[in-house]
Each structure stands twice: as C-alpha cells, then as structure tokens.
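Report on one structure; see the data block that follows.
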There are 4 protein chains.
Amino acid sequence: MMELNSTSVSAAVVGASGYAGGELLRLLLQHPRFELKIATSQTYAGKPVSAAWPGLAGFTKLQFTPLNEAIKGCQAVFLAQENGKAMHMAQELLEAGCKVVDLSADFRFRSAELYETWYSAHSTPSLAQSAVYGLPELFAKAIGRASLVGNPGCYPTASILALAPLLMAKAVSPENLIIDAKSGVSGAGRAKFGLDYHYPEVEGSVSAYKIAGTHRHTPEIETVLAEAADMPGLQVSFTPHLMPMTRGILATCYACLNRDYSRTELIEVYQNAYANCPFVTICTDHLPATKHTLGSNACHIGFAADSRTRRITVVSAIDNLTKGAAGQAVQNMNIMFGLPETTGLQIGGLWP
Amino acid sequence: MMELNSTSVSAAVVGASGYAGGELLRLLLQHPRFELKIATSQTYAGKPVSAAWPGLAGFTKLQFTPLNEAIKGCQAVFLAQENGKAMHMAQELLEAGCKVVDLSADFRFRSAELYETWYSAHSTPSLAQSAVYGLPELFAKAIGRASLVGNPGCYPTASILALAPLLMAKAVSPENLIIDAKSGVSGAGRAKFGLDYHYPEVEGSVSAYKIAGTHRHTPEIETVLAEAADMPGLQVSFTPHLMPMTRGILATCYACLNRDYSRTELIEVYQNAYANCPFVTICTDHLPATKHTLGSNACHIGFAADSRTRRITVVSAIDNLTKGAAGQAVQNMNIMFGLPETTGLQIGGLWP
Amino acid sequence: MMELNSTSVSAAVVGASGYAGGELLRLLLQHPRFELKIATSQTYAGKPVSAAWPGLAGFTKLQFTPLNEAIKGCQAVFLAQENGKAMHMAQELLEAGCKVVDLSADFRFRSAELYETWYSAHSTPSLAQSAVYGLPELFAKAIGRASLVGNPGCYPTASILALAPLLMAKAVSPENLIIDAKSGVSGAGRAKFGLDYHYPEVEGSVSAYKIAGTHRHTPEIETVLAEAADMPGLQVSFTPHLMPMTRGILATCYACLNRDYSRTELIEVYQNAYANCPFVTICTDHLPATKHTLGSNACHIGFAADSRTRRITVVSAIDNLTKGAAGQAVQNMNIMFGLPETTGLQIGGLWP
Amino acid sequence: MMELNSTSVSAAVVGASGYAGGELLRLLLQHPRFELKIATSQTYAGKPVSAAWPGLAGFTKLQFTPLNEAIKGCQAVFLAQENGKAMHMAQELLEAGCKVVDLSADFRFRSAELYETWYSAHSTPSLAQSAVYGLPELFAKAIGRASLVGNPGCYPTASILALAPLLMAKAVSPENLIIDAKSGVSGAGRAKFGLDYHYPEVEGSVSAYKIAGTHRHTPEIETVLAEAADMPGLQVSFTPHLMPMTRGILATCYACLNRDYSRTELIEVYQNAYANCPFVTICTDHLPATKHTLGSNACHIGFAADSRTRRITVVSAIDNLTKGAAGQAVQNMNIMFGLPETTGLQIGGLWP
C-alpha cells in the first residue's frame, strides 16, 4: 500500500510514440506526484495516446501534440527522441526553468569530443560538460543537484551496475574486462523496423552484432567505469547480442580477481556498494533472469568466482525499457525533485 | 497521477504461489487502499515472497506463511487455490467477518448440481447459491452487496463480455453461438507443469484441446449468458486453444444477427452496454490483440458483421491473469469495499 | 531409406528470395529427381543463394539470376512471385514446353471475374479457365494431365482439407460453416515487413484481422468446396488470425451435422476420403498441433462431434510454407511429371 | 538433386524417444544408405514411432521396441540414452560386430578418471580409452578407423569448432579463453521437464546457469582443445545460458591474439582449418545466427578482432540437436562406413 499526497509536478514527454516514450507514459500515468500534461509525437499528433499505445486505452484521454512551446510550461521534461535532437532543445528548456532528463545519448558524455567520435557533431558541448550521468546508484548526489541529466544507455546500465562494485573495491583488474550482453528486440526501437527485426527472421534465433568494440555503448561503459573506479584508460570488450524476446537485458561480465576472494567477501562488496539502492537486488541463492525484472525498475545481480581461473562471472538483468530507459528516467526525475527515488516505481515485475 | 488517501483495508492471499496468486501480490503491493498482510503457500511457507516471485524482490519483505487462523483477521481475503478448496473455507471466513473473493470455480455456479456435473461434489451448496458471480460489468450492484464472490474463469470473462451485449439487446439468436478461444500457457497454471507445457513442445505451436463442448468453462459461459440475456437453455460451442505465448486470451465469437444491423447500431449496442465500465474498451477502428491488455485489467472488444452471411464476428482480448483472474478479483473487492472499482488497477498495459 | 534413380528434370524457381521461394530451394536442393538450375531474384541477382538464405550456405553454390529467357529452358518452372505477375508469364512458358506451378493467386480461380473482384484485372482469363487447382488430395487426376497448376493458398489448403470430406459425404449442412484459422507470421511474406510484423509488436500476441468475410481466401475456399461437394453457392465465415509463431496454420472448422454420427462413422468419412493421400494423417487419438507438421508436407486432421449441439469441430494443421505453399507445389510438379507424389518430400517434421 | 545407390546398412537407435533420438529418426528415415530397422524406447515400447513423434506420422510405420538382443543384428547402432547407460552396452555391441556411435558423455573422455570427476563411476575405462572423439572436423581419420565413437556434447561442438583453428595456428594465447554460450531449451532434453522449463517461466527470458566453471562440458572442451592444440593444461571459462528458443547454440568466444593479425590472415586461419569440412561455413560478410543452422548439420563461424584490445571475438552457431547431436552422429557413422560424410545430411536449414 502506497501512501501519497497530492502536490503535483507537471510533466511532458517529448517523443512519446517510441518505445521508451510509451513506457514513460505508462509509468507517469500512474505516478502519484507527476502529472502528465503533454505527450508529443510527430507521427501521431492530434491522435489519442491510445492510437500509438492501445494498451493505454481507457487509462488516459490525453492526445499527442506536435512539439511546441507548451512543453516549456512543464516542470519536468523527459526527452525521448533519437540521438541528436535533445542537444538542440535542452538549453531553452533549462532557461525556462524546466528540469530535463534526456533519454538519448546527447548528454551521456562529459566530453563532446568522445560523443563526436562515436555519434555526430555536438551543438552544445558546454551543456554536455555540465550535465550529470543519470545512474542513481553511482551518482545520486549529483543528480539531486542537477537540472539536466543524461539518462544512461540500456547496455551501460546493466554493465556498469554489474562491474562497478568490483572495480571500486579494487577487487578486480581493469584488464581483461569482458561484457557479453544479450538484449530483447525492443532495444532496436519502434521506428527502426525492417527485415532485421521482422518477426519470422528474429524468432527462435540468437545472434551477435557489432562485435569487437564497434558498438557505441562501449565508450559509455568505459568512461563511466573509469570515472567511478578512478581507473583512467580502462577498457572493456563489449559484445551485444539480439535475443528472441521483446524486453530485457542480461549482461554476463567477466573479470580477473586480484586475489582469492571468498563468496562472503564478494557478497559484501556488492551489498556495501548497493546498501542504499532500493532497485538493486543482489541474488545470493539463484542467478538473475531477465524475466525477473519484466516491467519493473529493478536490477538483479548474481555472481560466482572460479578459484581455478581466479575469474569472477557477474550476471546482471534489467528490463531495457524500464531500468534501462524510462524507469530510470523517472527515478532520476524523482531525485531531481526531491522525491523518494521509488515514487511511482513501486510496481513489481510481471510474472510470468 | 492518482490521488489517494490512506485508510487501509487488511488483505490476505491464500494460495499465493500460483500464477493468479502471484498476480494478486503484484497488484496488492501497489494498491493504495488494500494492505497485504498475509500470503499463504504450502510449498514456500517460511520463505520470502521473492523465493516464488523473483520479480517482487525489492518490492516487499513479506514472507509466505502456511494457511492458518490468522487470515480470519484480515478484512479482505482472496482465495486463489485449486478447485475444491475454497468451499471448505468460505463459511468460516464469512463468519469471521471477512469479505471473500474466490478465484477458483467453487462459487461460480448458483447450482451446486451443475458444479458437481463438471467438477466434483460441493460441500456447501447453499453458500454457492448465495454467492455472487464476480463479473462487475454485468453484476456490479450484486457484487457491491456481496460478502462472497465467485471470480469468473478466464475464458468465461472474455467470452461473456464479448457476447452479452448482443444477447441482451436481442440482436442475435441464441442458436449457433460459437466461441473459438485462444489462451496463453499461463492459463494452465504453475503447478501443472509437464510435457504438455514443456517449452520445446509448446513453442511455435498452436493446438486445440477439449473440443466439442468438453471444457468445463462451457457450462459457466452458458449459465451466465442465459441469465444475463434471460434466454434459458442457451448453448454455445466453445473451443479452447493453446497459444505459444504466456499471457492473454483472445475469444473470437460468432453469432447470427436477427436482422441487418448497421455498424453504427452495433457500436451503440456495445457502447451502451459498457457505458459505465472503465475497463472495457470498444475498438471501433482496429481489432483487439491480446498484447494490448498485457498486465492490465482491460478488456478490448472489436467486431464486424458480414452482410452476406448476416453473421457477426466479435473479438475480445484480456490478460488471463489480470482481467481473467487477479485484476478482476481486485476489481470485485474494490466494489465490495465501496471503493472506486479502478482503485489500484490504474496500470496501463505493458507494450511492447 | 529412399531408393532413387538419377534421370533428372531441370527446374527453375522464379521469385526465389521470398519465403515460399526459399522453401522451394530447400526442398529442390535435396530432391532426387528435380535438378535446380535457376533461381531468380530481382533483389539478390548476382549474389549467391546463401546471401538471401544463410541456411543454405554449404548446400549449394547456385547464384540468383535476374528473370530472363533462360527459364524457358527448364522443364519444371515454379512461379513464386506476388500476385499479378504469373499471369503475364505463363503463356510463354507453356508454349516453350515448360510445366508450370504458380504459387500466387493468379491461377487459383477458373473464373477471372471472381479473381478480378478480389484481386485485380486478369490478363489471361482463358488460361485461368484451363488451369488446374493444385490440391492433389482432391484433384490429383486433373493435375496429372495439367501443364499449368494454380497452387492453393495456405489457408484454403488447411480449410478445404478439413471440410471437404464432410461436405462430399453430405454429412454436414452447407449452412453455418465457420473457419477460424490461425497462422504464423511467415504467412505475411518476407517483403511485407513493417510495424505489423515487427518482432516486439507481434511477440506474445494473438489478433484477428480481415474478419467478417473480407479476406480474399474466402472466395477461394468457397469455390473449391462448392465444386468438390457440388453445392453451388456454399458460403463460409472465414476469420484469419496472426499467431506469435513463424510457421504453421491451424484451421478450426465448425459445421452442423445432418444427423447424429458415431465417432466411428466420422473416422470412416475421413479415412475413406484420404485413403490414398500419403500426406494426410487422420488423428484419432490426439488433436493436431501446428508443430507436428513443421517443415514437412503433412496435413494433420482431428475432430470431435458434440451430440448436444450436433456440431462437429474439425481441426487441421499444416506448415503454411510447405503443404501450404512450396511442398504442395513440389507435390503437384511430381504428379505432373509422373513421379510418385512423395518424391523429395519424405522429410519428417522437425521436432521440437 | 542427390544421386544415390541402394546398398543399405541396417541401423538401430537406442533411446529413440528423447530429443536426440527423435532427430536421429528424422534423419535416418530419409537417409539413402542407412535403413532404420529398430527404434527402442522404454516409455513407448509397442507404440508407433508417431506416438512420441507426431511429426513423423505418415513417414514411417515403425514401432518402438523395448531394448533387446535384436539391436546386435544391426550394423550401425546409435546410442542416445542418458549418461551412464552406454558404458554397459558398448562392449557387447562391438563384439557382435556393430559399429557404435554413443551420443551420451560415456565415451567422450579418454581418461575415465576425468569422467568420474564430473559424471560417475565408469564401468569400462579401457573401452573409453580406445574410443574416438567424434568431431569429424578435427578427427576424421581416427573416426574412419573407429568402431566406437563418443559423440561430442552440443556446447563443446560449437565451442571447439570456434576456437580450435586459432589455437592450432598458435594465433592466440591459451590464457584468458572465455566461452559465453547460449542454448535453446531443447538442450535440457525431453525427459527433464519441470518448472525450470515450463513454458511461462522460460518464455521471454534469458538466464545464465552453472557459471564459473561448474558445467561439465568445461572439461570436455578443455581436454579436446588441449589435445588438438597440443597445449596441456589449457583452461577455459565457460558460461552456459538458457535462451527463449527451442533449438540452437551460439557460442561467443573470446581470446587474446598473440600479435596483430589482419582480417585476411584470420580468415585464412579458419579457411585452412576447415578447407575440407563441408558442414563448416566461414561467414566473412555477416555474423552467424542460430536460425541459419536450424535443422541442418551446419556450423557457421564468424569473427572480428579488436585492434585496441588485441582480442578476437569468435561466434559459432549450430543446431544443438543436429550438428550438436544427431546430425553429427550420422556424419560420424557415415565416415565409419566409408560413405561421404554428407550422405543423408544434404538438407538445408529451415528458414524462416
């Protein structure tokens, strides 16, 4: 039973007909403190939200609007567009007094140079420099003071949460870090349909893509882990895979322990790291499965060390659209508005 | 944004490690007015709720208990056991002042005789006679006065909601009613695992089972439709199918119109029937898909008539575990406690 | 163990990069009597067959060619293009002495008028009139004499095989015939990708489409059943559904028996009808599932009658790409060349 | 078009109602040189093969028999039972003059000691010592001379084929070998059904199991790679994962290159290693997907090196029941009988 009061914060979702945008709508419509005022969509402007999201029929009478000045009247603005859009809007929103969480990659990098290497030219490098990386489990304080947060990528969320505690505790070497990540197809987005995501081609099949360091979540993972662990130049081998499922990411991470660690010690490393993190569950008697996090903002982490090879295998699971996108965005915005970070996110995972 | 106050009703779920029980936990843990006090399970007694439901890890610290007297201290009791259990418990709970919603078949039939034909001997026929069939869209008033509600079966919920408006409006003949229903595998329950529900055998396959009037949801559908439409002796041909998916029921229903009806007239029939039903969506410009209701308490209904054959095809979609079980049970209990029926059920469907 | 000899028939597949075309390649590459010489594709011309069909890598060195005169040099030509193409090519191929099986709708109707009502203008109505409908279980003799065969649609194959025996035996009324059909997504084809078949939208969902007599397989089913049973004007209510699976069709058919029939009598009706049909299995002790026919040319049929309603429910299962398209095309071509109809089709279904 | 002659080898499958056994039946029933005489099953003895394998209905009239002396009359015997059975039967079969391929783990290890560490006591260690490991791509010559072959595990097949060429060419270090493997659920077998493989629990979920060197395919992979590359003591970190799909294994393997290698050099390493291996496809312009091998005996291998980390990522895909079990068993038996290894295995992968 949730207890709530009724002072509300007006909220807008820009790019509300993509998958992350739709998940934001689902979460905000039942959020006790944010009041969804505006949902923009180029494609669906003028149509009811249920035209894009039949699952929300009956839960809202809101209509999509085109992107316009009105969003500046909202206190909380979620930007959920493709990369390269938010950088052109953020300044104006901040000046209007909005707090902004951007779900694209535009504000994930302090270094515009790095962004430009992997994405495209950045129009507001100084803004990027001042934005905060929105992973509350590591950066809650900075997020609490921020007006502009770059919401992490889905793979980085799962990967960083899995590896950061070990690196921060100096339990593992920054060498030979390997992340073998598996994602549901919704990670490809809704607009990017095509033969690669055509049901008959994906069903019953698993495949790797962008292997050997070519996926652009690589620099994001490296930068954040390097910063968190104070290990400049840290490198990872990151391999994304497409799974025959809709939602969920499982990141299987490999690292070399610096010495023999008992299981108890390793559990302590993780439990200490996430002592105040309501969405992280350390699984000590089973291993995570993506479905354990379906539709919830949870991150589940399990691990085991092999004394023979002195290598630890860490497995983390999230829902790519919730903790990996919209849920985390709401968590960030909660923190930015001084609300408990769990507000409106108290929905347990769907099972089965 | 939901507005709520905080007077709470204590609640218990008996049989909380089955799929319907798990869904009840998920819903009750975020319900603003019911406070989940007890979750019983024989198998998991003494273990945390997350042992059976990893997706609830982090959302509750509750432990399963064995079934015992304590549940009588709860104001709202949900019975989610297999058939044949609730009939032995209901009387005592009612005498203790509990309001009871039973999710098994035990209290779905006024006639214990009919129950005994299709199920087994009934220990409390008079209680069965006084119980109310918990389909709020048809019987909200009686539910509001009831202390004991028999929660409908999943197939009957989808089927009855699809056909009742036409029958009640005398728009179709009670002859030649055909219901071709498709269910996700979770309908088989969690305890009933076996080769029939072994992943490799079910995946990628659709099949019919218990065809030609042998499924015991047949008498439930017939009885309720006959009563609602005042058409004693009404018969249906009901065919259940197993789908390669986890949740959801689609009921495709066929009926013969008594005369030519315009589309507008038919839409009116449905909109009038469900004018005050927040969970029913009449789909006028697309057809329902089960995924439109994933995890929500919605029922979506669409239809079209073929002037050539004067037959109407009605398609309804629900989530078998939500509107088809736990969600509807919460909806009933809301009504029994004088709460708005949507309380705690304002969660839109998950998509994708 | 198959025994074979080695005189070969040269074969071409036109439109070999669609799903039916790909299935033809798979079957022809292991066919002991047809030698695949040409596979045409606009999209993949000049590329190896494995560029479109990675599953055939290592099994052939053939390259796709553009459509050209060379196909006229082949004895057996399979046309596997979209509707409206074959009608412009068939005459010339026949004049060159080819035997032709067309997998599109172009030659499924004797009446060009009916074709034009549901599809588009027909360029060669007289050819359509002389073509043979390629359902060997009903029309083997005519197929054996034909040079041009219109290969049936996938839904019609499953539906007609289910209902024809009952109608031909006059066991059921031509009134109130209902076909509730469920198809895997591959039925939509490979070129027709889009949001409707985007993995995240289809996965875990079942939906109906083109209900109430609007799907163009309706007239095909009606025409063939009417002819086979000599019941002019016979009508069916046909409802197609999209299933969350790749291959397979299940047709659940409902008909009203003219009198009470014992189960033994009904089994006889079916066993007599298909006594000489190696690909039809009458399931007397279980019900068909689509996966029982995965990748094979089989059609499985099961049924039961409800004495209460005197209605029979018949369930048939096929693989839409094999018996519902490419396998049946090979079966037809076998017959046209005087080979045993099972030649090259002796591959049992994949399980699991 | 296959050309064949008709001298036949009599064949038996022991344990023909498990998944590997069923796949053996499917393959042998269309094999041009092996004639399936006997299929044993405890569970289904006396019943037609189609009782266990509905997909083979219409393709054989064979009945299951109990295990008895008759199998000794067959020239080729496939043992497809659970671990610990074949060791008690092999000697007698060999003495009767049978050639034997065992699909269990019983004859995969030359060292009975190693077997006993990971499995159970071995009754015929000397026989184990003389058996040949049935991976034709590495050990074809020895297989050709063998009477008893231990058919590789599914994970080892995919893993060894991926890594052996690099190790044999001394291109990578034997340190830091990591194998992140993903398997379809059929790998768990047909008898081992339970909640872990209950459709609703597995669908839409990916999870790791037996991590950190605890899966018993670890010693098999290590032993064979160590032998093939002459690198005693070689170790791997092997992590198996359960995927929401029925068939297929993808092994993503990580190794440290000893120096910078050009892509051309790496392609040469693989093409040289598998120059005479008809079932291995080196993917140079795309990455493997498990579905590219569905139902075929193929192994697809792709790779890329990251110059930054000097690590190579190799991805291999097989069908766990075909190349990972029954197909490879047939390939081995072909070689043992002096047949072309592709005999009866010329069936391309099913797509989609």
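By order in the structure tokens, chains are A, B, ...; within a chain, residues start at 1; ligands start at 1, following the order shown.
Residues of chain B lying within 10 Å of chain D, counting only C-alpha atoms, are Tyr19, Gly184, Val185, Ser186, Gly187, Ala188, Gly189, Arg190, Ala191, Lys192, Phe193, Gly194, Leu195, Asp196, Tyr197, His198, Tyr199, Pro200, Glu201, Val202, Glu203, Gly204, Pro244, Met245, Thr246 and Arg247 of chain B.
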Would you save the residues of that selection, restricted to C-alpha atoms, as a PDB file, in the first residue's frame?
```pdb
ATOM      1  CA  TYR B  19       0.131 -17.650 -11.058  1.00  0.00           C
ATOM      2  CA  GLY B 184      -1.566 -18.232 -23.353  1.00  0.00           C
ATOM      3  CA  VAL B 185       0.104 -21.086 -21.495  1.00  0.00           C
ATOM      4  CA  SER B 186      -0.062 -19.432 -18.078  1.00  0.00           C
ATOM      5  CA  GLY B 187      -3.714 -20.440 -18.114  1.00  0.00           C
ATOM      6  CA  ALA B 188      -2.560 -23.962 -17.318  1.00  0.00           C
ATOM      7  CA  GLY B 189      -1.163 -22.740 -14.027  1.00  0.00           C
ATOM      8  CA  ARG B 190       2.183 -23.086 -12.365  1.00  0.00           C
ATOM      9  CA  ALA B 191       1.730 -26.361 -10.547  1.00  0.00           C
ATOM     10  CA  LYS B 192       0.557 -28.198 -13.622  1.00  0.00           C
ATOM     11  CA  PHE B 193       3.896 -28.362 -15.389  1.00  0.00           C
ATOM     12  CA  GLY B 194       4.605 -31.349 -17.566  1.00  0.00           C
ATOM     13  CA  LEU B 195       5.441 -32.384 -21.084  1.00  0.00           C
ATOM     14  CA  ASP B 196       2.347 -30.606 -22.408  1.00  0.00           C
ATOM     15  CA  TYR B 197       3.741 -27.281 -21.254  1.00  0.00           C
ATOM     16  CA  HIS B 198       7.437 -28.097 -21.671  1.00  0.00           C
ATOM     17  CA  TYR B 199       8.894 -25.132 -23.541  1.00  0.00           C
ATOM     18  CA  PRO B 200      10.234 -27.021 -26.567  1.00  0.00           C
ATOM     19  CA  GLU B 201       6.885 -28.706 -27.178  1.00  0.00           C
ATOM     20  CA  VAL B 202       4.712 -25.607 -26.901  1.00  0.00           C
ATOM     21  CA  GLU B 203       6.954 -23.024 -28.554  1.00  0.00           C
ATOM     22  CA  GLY B 204       5.985 -22.290 -32.143  1.00  0.00           C
ATOM     23  CA  PRO B 244       2.677 -20.113 -27.969  1.00  0.00           C
ATOM     24  CA  MET B 245       2.602 -17.157 -25.609  1.00  0.00           C
ATOM     25  CA  THR B 246       2.496 -16.723 -21.854  1.00  0.00           C
ATOM     26  CA  ARG B 247      -0.417 -14.405 -21.111  1.00  0.00           C
TER      27      ARG B 247
END
```
Checklist entry - Could you pull the residues within 8 Å of segment 300-314 of chain D, counting only C-alpha atoms, minus those fewer than 5 positions along the same chain, as a list in words? => result Ile211, Ala212, Gly213, Gln235 and Ser237 of chain A; Ala162, Leu163, Ala251, Thr252, Cys253, Tyr254, Ala255, Cys256, Leu257, Arg259, Asp260, Tyr261, Arg263, Val280, Thr281, Ile282, Cys283, Thr284, His286, Leu287, Pro288, His292 and Thr293 of chain D
Item to check | Spatial neighbours of Asp102 of chain A, max dist 10 Å, only C-alpha atoms, sep filter under 5 positions, as a count of residues only | outcome: 22
Next on the checklist: Please return, as an NGL selection string, all residues of segment 149-290 of chain D that DSSP assigns to helix (DSSP H, G or I) on the basis of the backbone.
Outcome noted: :D and (154-168 or 185-188 or 195-197 or 199-202 or 217-229 or 263-273 or 290)
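Omitting Ser50 of chain A and its sequence neighbours fewer than 4 positions away, and counting only C-alpha atoms, the residues within 9 Å are Pro54, Gly55, Leu56, Ala57, Gly58, Phe59, Thr60, Lys61, Leu62 and Gln63 of chain A.
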